[in-house]
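Have a look at the structure below, then the notes.
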Amino acid sequence: MRESEYHLSIDLEAELRKITRNQHLNRVHYLVQLIRHAVLLEPREIHVHSRRRQVEFSQDGRAVSAAEWQLLELLFGRHRVPADTQQQALSRLEERYGIALLSLVLTFPEVYIGSGTRRLAATTAGVEFQISENHVAGYRVTVIRPAAFRADEEREIRYFCSGMEVPLYFNGERINQAIPFTGQILARRFADDFGRGAVGIPGSGDLCAYDFFKNGIRFGIKQFIPADGRIVRGIWDSCLRDYERQYRASIQHGEAQQRRQTARLYGALRRQFVALDGPDKLRIKKILLGLDRDSWRANWGDIPLFHAQAYEFCFSLENLLRLKIRYGGIPFTAQPDASAPADVPRLLPEDVYFLRNDLAEPVRLYQGGCDRPSIRRRLRRWLDRYRPPVQEAVAVPARLGWVMERLNHDDQRHRFCLCRGASRIVPDRRGFDVVYLSLQSMAVRRLLDRLAREPHQLTAIRYALLSLAAATTP
């Protein structure tokens, strides 16, 4: 369209085209900008009809305001106005998302806009404003565009706008849906007066990613390497209605909420870790081993990240550190070893590196005979082997009957029983390890009560009891 036809100054037209290019990410993004503009008018429905040579867009909310229409007439009217007046009109239109309508005139050869009784027709002959007797609810826009655009229009709208609450129809099919948030191991949703969102620990990837929406319409994505190592994926849907230059307020508030909710998500790992599946536990473990080493023991030391000989994810760092007193360091095997004591963990190479290099803990390979106890202790164990294993056992209280049955079920190497003396592990003549659990020990009673409340944590509690008994075995 020629400059003389609507009396825009050369500088102003160049600025307007620059704004148009910035808002239109590609050749069909103008539809997304129209939807942003329409949402402010509170429609009940938005319809997009894509045909071979044209697109029809309509919304049934409020009509284009008289002030916005006057700004369009000021810029494209037949009468020349000063450049500073045009600049002010352009700025006011931008604050109303009116650039979405204005840029259509500069981008396409034919555009027709009807709102209320007002009409705008932009063709190669110029721009005309008319008043009609027929009333159009909301507004209706018809754009003549190349047929090649049609293939990309639906994909563009689905990607950017499908999270809207306002019903959105493309060629008669509603494409609204909740903003997708899948593929997370653990997730947390939240909301406040400024919007709503979610954070989650993704099942793969080493980068954090935030997806930003405003009123259900996507406007950006941020990917970055987390400074503290906490990998997270988040979404934020701002409910701010006013125009924002570069969405600064929505981004700042969204990022602040994401950081707060990420801290809460990771803070809940202690309670949720034991309920995860094996692959998800491995993913969480990989992330946790890369976090800050100075506060690692205080934050994550009670999560069972390390393997036992026959079971996975049974020992926490606190459990491993108790072995230092008995073995002079943290013993481990690299492969399952049937001859190793039950309290000797099976560590992966990354576990050994983490304990030795990041936490500076003494870690040494379990050597079997080299790690045998003293002669006095071995003699006492040899004598205990011929002592009837039930002489110290006491009757099981009725409330703990089924708990003890669960402990002894499917355990081929250990037999648990209760006693009044100190907890300890005694080998018997049949090749079993009899684990005496002291009823006088508060730690034992707490673990048995926990098993009664949370039977799904049987494996973790069984190895915690073994660790307690091993620590007090002479």
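All residue names refer to the structure tokens as shown: chains lettered A, B, ... in order, residues numbered from 1 in each chain, ligands numbered from 1 in order.
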Skipping near chain neighbours, those fewer than 3 positions away, what residues fall within 8 Å of A:Tyr169 using only C-alpha atoms, listed as a CSV table (one decimal) with N, CA and C atoms, in the first residue's frame?
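Output saved as around16.csv:
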chain,number,residue,atom,x,y,z
A,45,GLU,N,-17.2,-16.9,22.7
A,45,GLU,CA,-16.6,-17.9,21.8
A,45,GLU,C,-15.7,-17.1,20.8
A,46,ILE,N,-14.7,-17.8,20.3
A,46,ILE,CA,-13.9,-17.3,19.2
A,46,ILE,C,-13.9,-18.3,18.1
A,47,HIS,N,-14.1,-17.8,16.8
A,47,HIS,CA,-14.2,-18.8,15.7
A,47,HIS,C,-13.1,-18.3,14.7
A,48,VAL,N,-12.4,-19.3,14.1
A,48,VAL,CA,-11.5,-19.1,13.0
A,48,VAL,C,-11.9,-20.1,11.9
A,172,GLY,N,-14.9,-25.0,13.0
A,172,GLY,CA,-16.0,-25.7,13.6
A,172,GLY,C,-15.6,-26.7,14.7
A,173,GLU,N,-14.3,-27.0,14.9
A,173,GLU,CA,-13.8,-27.9,15.9
A,173,GLU,C,-13.2,-27.2,17.0
A,174,ARG,N,-13.6,-27.5,18.2
A,174,ARG,CA,-13.1,-26.8,19.4
A,174,ARG,C,-11.7,-27.4,19.7
A,175,ILE,N,-10.7,-26.5,19.9
A,175,ILE,CA,-9.4,-27.0,20.1
A,175,ILE,C,-8.8,-26.7,21.5
A,176,ASN,N,-9.7,-26.2,22.4
A,176,ASN,CA,-9.3,-25.9,23.7
A,176,ASN,C,-9.0,-27.1,24.5
Original post:
Residues at most 12 Å from A:Leu465, counting only C-alpha atoms, excluding those fewer than 3 positions away in the same chain, as a PyMOL selection string?
Top reply: chain A and resi 314-315+319+342-343+404+407+414-418+423-425+435-438+441-448+450-451+458-462+468-472
Using the selection just defined, write its residues with C-alpha atoms as a PDB file, in the first residue's frame.
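Saved file selection.pdb follows:
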ATOM      1  CA  CYS A 314      17.620 -49.448  50.836  1.00  0.00           C
ATOM      2  CA  PHE A 315      20.421 -47.428  52.469  1.00  0.00           C
ATOM      3  CA  ASN A 319      22.926 -45.608  57.243  1.00  0.00           C
ATOM      4  CA  ALA A 342      23.616 -57.769  55.008  1.00  0.00           C
ATOM      5  CA  ASP A 343      24.707 -54.309  56.120  1.00  0.00           C
ATOM      6  CA  MET A 404       6.658 -59.754  62.368  1.00  0.00           C
ATOM      7  CA  LEU A 407       9.279 -59.039  58.196  1.00  0.00           C
ATOM      8  CA  HIS A 414      17.246 -63.602  58.156  1.00  0.00           C
ATOM      9  CA  ARG A 415      14.729 -64.486  60.823  1.00  0.00           C
ATOM     10  CA  PHE A 416      13.449 -61.657  62.988  1.00  0.00           C
ATOM     11  CA  CYS A 417      12.331 -62.119  66.573  1.00  0.00           C
ATOM     12  CA  LEU A 418      11.837 -59.924  69.622  1.00  0.00           C
ATOM     13  CA  SER A 423      19.488 -55.911  69.525  1.00  0.00           C
ATOM     14  CA  ARG A 424      22.010 -58.067  67.646  1.00  0.00           C
ATOM     15  CA  ILE A 425      22.477 -60.527  64.789  1.00  0.00           C
ATOM     16  CA  VAL A 435      18.002 -60.881  64.134  1.00  0.00           C
ATOM     17  CA  TYR A 436      17.029 -60.093  67.735  1.00  0.00           C
ATOM     18  CA  LEU A 437      15.106 -56.812  68.010  1.00  0.00           C
ATOM     19  CA  SER A 438      15.049 -55.258  71.456  1.00  0.00           C
ATOM     20  CA  SER A 441      14.883 -49.832  71.984  1.00  0.00           C
ATOM     21  CA  MET A 442      12.897 -46.740  71.036  1.00  0.00           C
ATOM     22  CA  ALA A 443      14.355 -46.881  67.507  1.00  0.00           C
ATOM     23  CA  VAL A 444      13.112 -50.450  67.024  1.00  0.00           C
ATOM     24  CA  ARG A 445       9.635 -49.608  68.312  1.00  0.00           C
ATOM     25  CA  ARG A 446       9.414 -46.582  66.035  1.00  0.00           C
ATOM     26  CA  LEU A 447      10.362 -48.641  62.980  1.00  0.00           C
ATOM     27  CA  LEU A 448       7.847 -51.399  63.843  1.00  0.00           C
ATOM     28  CA  ARG A 450       6.026 -47.222  61.051  1.00  0.00           C
ATOM     29  CA  LEU A 451       5.786 -50.587  59.302  1.00  0.00           C
ATOM     30  CA  LEU A 458       8.687 -53.074  54.090  1.00  0.00           C
ATOM     31  CA  THR A 459      12.035 -53.367  52.285  1.00  0.00           C
ATOM     32  CA  ALA A 460      13.394 -50.056  53.535  1.00  0.00           C
ATOM     33  CA  ILE A 461      12.299 -50.752  57.145  1.00  0.00           C
ATOM     34  CA  ARG A 462      13.723 -54.309  57.038  1.00  0.00           C
ATOM     35  CA  LEU A 468      20.332 -51.131  63.873  1.00  0.00           C
ATOM     36  CA  ALA A 469      20.973 -54.722  64.909  1.00  0.00           C
ATOM     37  CA  ALA A 470      24.352 -54.818  63.142  1.00  0.00           C
ATOM     38  CA  ALA A 471      25.429 -51.611  64.897  1.00  0.00           C
ATOM     39  CA  THR A 472      24.881 -53.142  68.358  1.00  0.00           C
TER      40      THR A 472
END
**OP:** Would you please give, as a ChimeraX atom specification, all residues of stretch 263-361 of chain A that DSSP assigns to helix (DSSP H, G or I) based on the backbone?
**Re:** /A:263-267,269-275,278-288,296-300,317-327,349-358
Subject >> Contacts of A:Leu320 within 9 Å, only C-alpha atoms, excl. fewer than 2 positions in-chain, as an MDAnalysis selection string >> reply: chainID A and resid 306 315:318 322:324 330:331 343:345
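Here atom CA of A:Gln184 stands at a distance of 20.2 Å from atom CA of A:Gly220.
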Subject >> Top pick for closest residue to A:Leu104, considering A:Leu321, A:Leu207, A:Ala422, A:Val28 and counting only C-alpha atoms >> reply: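 Going through A:Leu321, A:Leu207, A:Ala422, A:Val28 one by one, the smallest distance to A:Leu104 is for A:Val28.
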Select from stretch 258-299 of chain A every residue with an atom at most 12 Å from any atom of stretch 356-364 of chain A, then for each give the shortest pair of atoms and their distance in Å to one decimal, using only C-alpha atoms, rows by chain and rising number, as a tab-separated table.
residue	atom	partner	partner_atom	distance
A:Leu289	CA	A:Asp358	CA	9.1
A:Gly290	CA	A:Asp358	CA	9.3
A:Leu291	CA	A:Asp358	CA	10.1
A:Asp292	CA	A:Asp358	CA	9.3
A:Arg293	CA	A:Asp358	CA	6.4
A:Asp294	CA	A:Leu359	CA	8.3
A:Ser295	CA	A:Leu359	CA	10.3
A:Trp296	CA	A:Leu359	CA	8.6
A:Arg297	CA	A:Leu359	CA	8.8
Original post:
So, counting only C-alpha atoms, which residue among A:Asp193, A:Asp237, A:Glu68, A:Asp302 is closest to A:Ala464?
Top reply: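 Looking at the shortest contact to A:Ala464, the residue is A:Asp302.
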**OP:** Report the distance between atom CA of A:Leu102 and atom CA of A:Phe57 in Å, rounded to one decimal place.
**Re:** 14.9 Å
Subject >> stretch 214-362 of chain A: residues DSSP assigns to strand (DSSP E or B), reported as a VMD selection string >> reply: chain A and resid 214 217 to 224 233 to 238 306 to 307 315 330 to 333 346
Include C-alpha atoms and write out the residues we just selected as a CSV table (one decimal), in the first residue's frame.
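Okay, again.csv is ready:
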chain,number,residue,atom,x,y,z
A,214,LYS,CA,-1.0,-15.1,29.5
A,217,ILE,CA,-1.9,-17.9,25.3
A,218,ARG,CA,1.7,-18.9,25.1
A,219,PHE,CA,4.2,-16.0,24.8
A,220,GLY,CA,7.6,-17.4,25.6
A,221,ILE,CA,9.8,-20.2,26.8
A,222,LYS,CA,13.0,-20.0,28.9
A,223,GLN,CA,15.6,-22.7,29.0
A,224,PHE,CA,18.7,-22.6,31.2
A,233,ARG,CA,10.1,-27.9,34.3
A,234,GLY,CA,7.5,-25.3,34.9
A,235,ILE,CA,4.5,-23.5,33.4
A,236,TRP,CA,3.1,-20.2,34.4
A,237,ASP,CA,-0.2,-18.8,33.1
A,238,SER,CA,-0.6,-15.1,34.0
A,306,PHE,CA,22.0,-46.7,47.8
A,307,HIS,CA,21.6,-50.4,47.1
A,315,PHE,CA,20.4,-47.4,52.5
A,330,ILE,CA,32.3,-47.4,54.4
A,331,PRO,CA,32.6,-50.9,53.0
A,332,PHE,CA,31.0,-51.8,49.7
A,333,THR,CA,30.9,-54.4,46.9
A,346,ARG,CA,26.4,-52.5,46.9
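Distances here use only C-alpha atoms; by that measure, the residue among A:Gly195, A:Gly216, A:Pro226, A:Gly200 closest to A:Ile157 is A:Gly216.
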